[in-house]
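Chemist: Submitted below is the structure of interest, expressed as structure tokens.
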Amino acid sequence: MSHPTAGPSRRLFAAACAALAAAALPLGAARAQAAGKPNRVVLQVSDADPQKWTLALSNAYNVQNGVGADGVELEIVVYGPGIGMLRNGSPVADRVASAMKSGIAVVACENTMTAQKLTKRDMLPDIGYVPAGVVELMKRQQQGWAYIRP
Amino acid sequence: MSHPTAGPSRRLFAAACAALAAAALPLGAARAQAAGKPNRVVLQVSDADPQKWTLALSNAYNVQNGVGADGVELEIVVYGPGIGMLRNGSPVADRVASAMKSGIAVVACENTMTAQKLTKRDMLPDIGYVPAGVVELMKRQQQGWAYIRP
Amino acid sequence: MSHPTAGPSRRLFAAACAALAAAALPLGAARAQAAGKPNRVVLQVSDADPQKWTLALSNAYNVQNGVGADGVELEIVVYGPGIGMLRNGSPVADRVASAMKSGIAVVACENTMTAQKLTKRDMLPDIGYVPAGVVELMKRQQQGWAYIRP
């Protein structure tokens, strides 16, 4: 009977630890890792320059090669003057398809498409879409993704 | 009398929770929200390219449109070769004025102005100033702002 | 005897605080400061444009001037089309040497060197090397460094 309250105190301690985990994880931990892969990188394509498109794709592969494809979540956000990268007939259409097969997400900005009177039929197959490329880039950083603008 | 220490233990638990909140909030929370708006984005303009100036402004509007003007704090940092965006006679002078009216902060780098022998009389009215554009970009990221370089 | 359990509860409280500190510090704190300097900035050079090379170096100096050379850790990551900045005969060779003397780290991407059949003998003396420039940019951001792409 030396610690008559050890039981409830331990329960309180456990509750405090659970609260700690619940509060801390969505904060700083978002920077280093999520539920899924330990590394996350969002790449921006916003130039009307096919060399930049190729560079963004090879940057993504280099991250995969560096940390292992299973160790990184990658997303290429294409918007503004860069949108041609994802139009039908894009000079990097085959490379975009290969990248998606290797697990790299590629998304087009619907704001840009509307401004340029493009519909999904004008775009490469199987790509993803986001309402606004810049909002996507903001949200990914808020979620802890590293940002790279090739 | 089954839990004679429930009172003090609960007070300790409350104190632990308060300590948790105080410690956790200034850390990771800086990334997602501040005292003010839940989203914060700093945009960099450092190219001597009027198309980039227009793009930066429309990027800022697109974030406002995407999350609501009340839901985001936006700042455009103009420095180096980009400084012409904010000089008197800038081709985007009207757009800069409109952006500021809509709540987007626009700041010029005083380092760049000194290097180019510009004074505030050479600059667009009502813009803000920072001692060094790159230091501002660093500080905003330290404070949790997302960074976008159009 | 009004608080017979104050002792163990206080120990539990102290343990909770220690757990809190241990859990919280590696998270958000990474963003603002490390064991070393309070500010950390990584700069990207990936353009084949000597003006961008000069700009990246002056950006780094401007951060040093803004917060004091002792107050900031700086690293310039050179990769892809930017690699010429660090080749022998680079037009900014002298400036790179001066920057390194002032404490700015300058590192070349070995992926890029392999792709361009460059060896360390082809490169400026005393620079550093990283296996992949983009992975370095990702890791630095994960460690809380601000990212600037001039």
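Please note that chains go A, B, ... in the order of the structure tokens, that every chain numbers its residues from 1, and that ligands are numbered from 1 in the order shown.
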I'd like the neighbourhood of range 40-50 of chain B as a PyMOL selection string, where a residue qualifies if any of its atoms comes within 8 Å (using only C-alpha atoms), though same-chain residues fewer than 6 positions away should be ignored.
Modeler: (chain A and resi 138) or (chain B and resi 33+56+60+72-85+91-92+137+140+144-150) or (chain C and resi 150)
Chemist: Have a look at CA of Thr54 in chain A and CA of Gly128 in chain A and let me know their distance in Å, one decimal.
Modeler: 18.5 Å
Chemist: Rank C:Pro38, C:Gly103, C:Pro131, C:Gly89 by their smallest atom-to-atom distance to Gly66 in chain A, using only C-alpha atoms, and report the top residue only.
Modeler: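 Looking at the shortest contact to Gly66 in chain A, the residue is C:Pro131.
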